[in-house]
Amino acid sequence: MKNKTIPITDKTNFKNLLKNLKEAETIAITGHIRPDGDCIGSCLALAEVLRSWDKTTHVFIDGDIPENLSYLRGLKTINADAMLEKYDLLVILDLSQDVRLGSNVELRSHAKKIICIDHHLNPQIKSNILISNPARASTGEILFEFFLKENIPFDKDIAAALYTAIASDTGCFLFSNTTPFTHRAVARIMEEDLDIEHINFQNFRSYDPKSIPSAHYVLKHIRFLNKGRVSLIVLPYKVLSKYHMSHDDRHKYAKYGTDANGVLVSIFMTEQEPNSFNVSLRSTGNYSVASVAEALGGGGHKNAAGVTLTGDAKTVETQVLTEIAKILPQ
């Protein structure tokens with residue numbers, strides 16, 4: 001069987017990126033709201049490299065930082081610095097739309113120049129330099145590729161951040177976005193003698209026994225629609241408040257919808273504020289939830305996308321299910 005060719009990222013952009021990073025003295029790094037492992041791992045990996053170059057580097061992320069990532073060096077530096085009046089450079093990571101900057105959108109007005117590094121489809125970020133490769137499973141992979149191509153050394157702690165980024169966005173290498181490049185990148189990263197068992201336990205296996213009641217709620221209320229091909233989990237605002245469900249809890253509960261036999265598309269709706277739902281969409285094979293999210297004003301990857309919608313739960317459900325019906329066979 002002929003190997004599938006995975007497009008490499010433009011080397012010219014890497015040269016330009018390196019030049020701008022070297023020339024800047026003050027650099028702000030940010031990612032998307034409700035940060036995940038790829039966002040945080042990528043931000044910290046780049047920040048640690050820049051600090052090793054004696055650059056003044058501040059990391060700002062809008063949202064709770066998952067406690068399970070406490071093993072990452074530099075985690076406590078996130079949002080720890082006062083925002084400077086002016087930065088030579090702003091680097092936006094793992095983000096394709098300005099709206100997902102959250103409160104950190106104001107960083108734009110503080111930066112002389114903006115660089116965006118992302119792996120989502122159709123990035124719409126305004127920047128001086130855009131480095132985008134949707135063939136990469138994570139932004140962490142693009143950063144690894146950059147470090148490799150430009151001979152930028154990294155230590156064990158930076159390797160842990162890169163591994164976290166890549167493993168998170170591939171579901172610990174279970175998702176369809178995992179490629180031969182993914183495994184080659186991780187093989188090189190693991191040469192830094194990482195405690196892989198600890199990292200994977202923290203990210204993919206551990207849970208707080210106090211979360212059992214909320215997990216019970218999810219399992220009791222999950223619905224299977226469209227002949228079992230669609231799963232739907234809805235977490236109302238009052239339920240989030242009752243069970244004090246963290247973002248990390250909610251992220252882990254999504255698997256009950258995605259991993260059920262026969263499910264082609266899963267919907268995970270979280271009412272962050274009354275009548276405001278964060279809708280996370282996942283799919284298998286060639287069923288593109290990116291098109292669903294884009295039709296509703298959101299975006300993402302073919303098999304992982306999302307959108308924020310306003311309205312009561314029934315109205316939002318109907319909107320999403322109507323679009324999903326368009327991508328499934330009759």
# chains A, B, ... in the order shown; residues from 1 in each chain; ligands from 1
$ residues_around --residues "Asp36 of chain A" --least-positions-apart "3" --cutoff "8 Å" --atoms "only C-alpha atoms" --output "list in words"
Cys39, Ile40, Pro66 and Ser168 of chain A
$ write_last_selection --atoms "C-alpha atoms" --output "JSON list (two decimals), in the first residue's frame"
[["chain", "number", "residue", "atom", "x", "y", "z"],
["A", 39, "CYS", "CA", -3.30, 25.11, 23.58],
["A", 40, "ILE", "CA", -1.51, 25.08, 26.94],
["A", 66, "PRO", "CA", -6.80, 22.18, 33.98],
["A", 168, "SER", "CA", -4.24, 15.77, 23.80]]
$ residues_around --residues "Ile61 of chain A" --least-positions-apart "3" --cutoff "9 Å" --atoms "only C-alpha atoms" --output "PDB file with C-alpha atoms, in the first residue's frame"
ATOM      1  CA  ILE A  29       1.739  34.442  23.775  1.00  0.00           C
ATOM      2  CA  THR A  30      -1.933  33.556  23.872  1.00  0.00           C
ATOM      3  CA  GLY A  31      -4.318  30.771  22.858  1.00  0.00           C
ATOM      4  CA  HIS A  32      -8.014  30.034  22.788  1.00  0.00           C
ATOM      5  CA  ILE A  33     -10.638  30.294  25.506  1.00  0.00           C
ATOM      6  CA  ARG A  34     -11.356  27.164  27.549  1.00  0.00           C
ATOM      7  CA  PRO A  35      -7.802  25.946  26.890  1.00  0.00           C
ATOM      8  CA  CYS A  39      -3.299  25.114  23.580  1.00  0.00           C
ATOM      9  CA  ILE A  40      -1.510  25.080  26.938  1.00  0.00           C
ATOM     10  CA  ASP A  64      -9.511  27.769  33.754  1.00  0.00           C
ATOM     11  CA  ILE A  65      -6.191  25.947  33.569  1.00  0.00           C
ATOM     12  CA  ILE A  78       0.182  31.685  32.767  1.00  0.00           C
ATOM     13  CA  ASN A  79      -1.639  34.961  33.490  1.00  0.00           C
ATOM     14  CA  LEU A 101      -9.350  34.902  22.097  1.00  0.00           C
ATOM     15  CA  GLY A 102     -11.907  35.873  24.711  1.00  0.00           C
ATOM     16  CA  SER A 103     -10.765  38.744  26.928  1.00  0.00           C
ATOM     17  CA  ASN A 104      -7.268  38.538  25.464  1.00  0.00           C
TER      18      ASN A 104
END
$ closest_residue --among "A:Lys220, A:Lys86, A:Lys255, A:Lys113" --to "Glu23 of chain A" --atoms "only C-alpha atoms"
A:Lys113
$ residues_around --residues "Leu296 of chain A" --least-positions-apart "4" --cutoff "9 Å" --atoms "only C-alpha atoms" --output "ChimeraX atom specification"
/A:291-292,307-309,319-320,323
$ write_last_selection --atoms "C-alpha atoms" --output "mmCIF file, in the first residue's frame"
data_model
loop_
_atom_site.group_PDB
_atom_site.id
_atom_site.type_symbol
_atom_site.label_atom_id
_atom_site.label_comp_id
_atom_site.auth_asym_id
_atom_site.auth_seq_id
_atom_site.Cartn_x
_atom_site.Cartn_y
_atom_site.Cartn_z
ATOM 1 C CA SER A 291 -19.297 21.953 7.856
ATOM 2 C CA VAL A 292 -21.981 21.691 10.550
ATOM 3 C CA VAL A 307 -19.783 26.613 18.008
ATOM 4 C CA THR A 308 -21.454 28.808 20.627
ATOM 5 C CA LEU A 309 -25.213 29.253 20.233
ATOM 6 C CA GLN A 319 -30.565 23.883 15.078
ATOM 7 C CA VAL A 320 -27.673 21.457 15.507
ATOM 8 C CA GLU A 323 -27.496 20.589 10.214
#
$ residues_around --residues "Gly41 of chain A" --least-positions-apart "6" --cutoff "9 Å" --atoms "only C-alpha atoms" --output "PyMOL selection string"
chain A and resi 69+72+140+158+160-166
$ closest_residue --among "A:Gly262, A:Pro274, A:Pro209, A:Gly300" --to "Gln97 of chain A" --atoms "only C-alpha atoms"
A:Gly300
$ residues_around --residues "Ala260 of chain A" --least-positions-apart "6" --cutoff "12 Å" --atoms "only C-alpha atoms" --output "ChimeraX atom specification"
/A:219,222-224,228-232,254,266,283-284
$ residues_around --residues "Ser70 of chain A" --least-positions-apart "6" --cutoff "10 Å" --atoms "only C-alpha atoms" --output "NGL selection string"
:A and (76 or 199 or 202)
$ closest_residue --among "A:Ala135, A:Ile233, A:Val265, A:Ile196" --to "Ala325 of chain A" --atoms "only C-alpha atoms"
A:Val265
$ select_by_dssp --residues "segment 184-326 of chain A" --states "strand (DSSP E)" --output "PyMOL selection string"
chain A and resi 223-225+230-235+265-273+276-283+299-300+304-310
$ residues_around --residues "Lys252 of chain A" --least-positions-apart "6" --cutoff "10 Å" --atoms "only C-alpha atoms" --output "VMD selection string"
chain A and resid 203 to 207 215
$ closest_residue --among "A:Ala313, A:Leu264, A:Ala47, A:Val234" --to "Phe154 of chain A" --atoms "only C-alpha atoms"
A:Ala47
$ closest_residue --among "A:Leu90, A:Ala80, A:Ala45, A:Ala28" --to "His58 of chain A" --atoms "only C-alpha atoms"
A:Ala28
$ closest_residue --among "A:Glu192, A:Asp312, A:Asp155, A:Glu67" --to "Asp249 of chain A" --atoms "only C-alpha atoms"
A:Glu67
$ select_by_dssp --residues "segment 251-315 of chain A" --states "alpha helix (DSSP H)" --output "VMD selection string"
chain A and resid 251 to 253 255 to 258 289 to 295 313 to 315
$ atom_distance --atom1 "atom CA of Ala24 of chain A" --atom2 "atom CA of Val105 of chain A"
20.3 Å
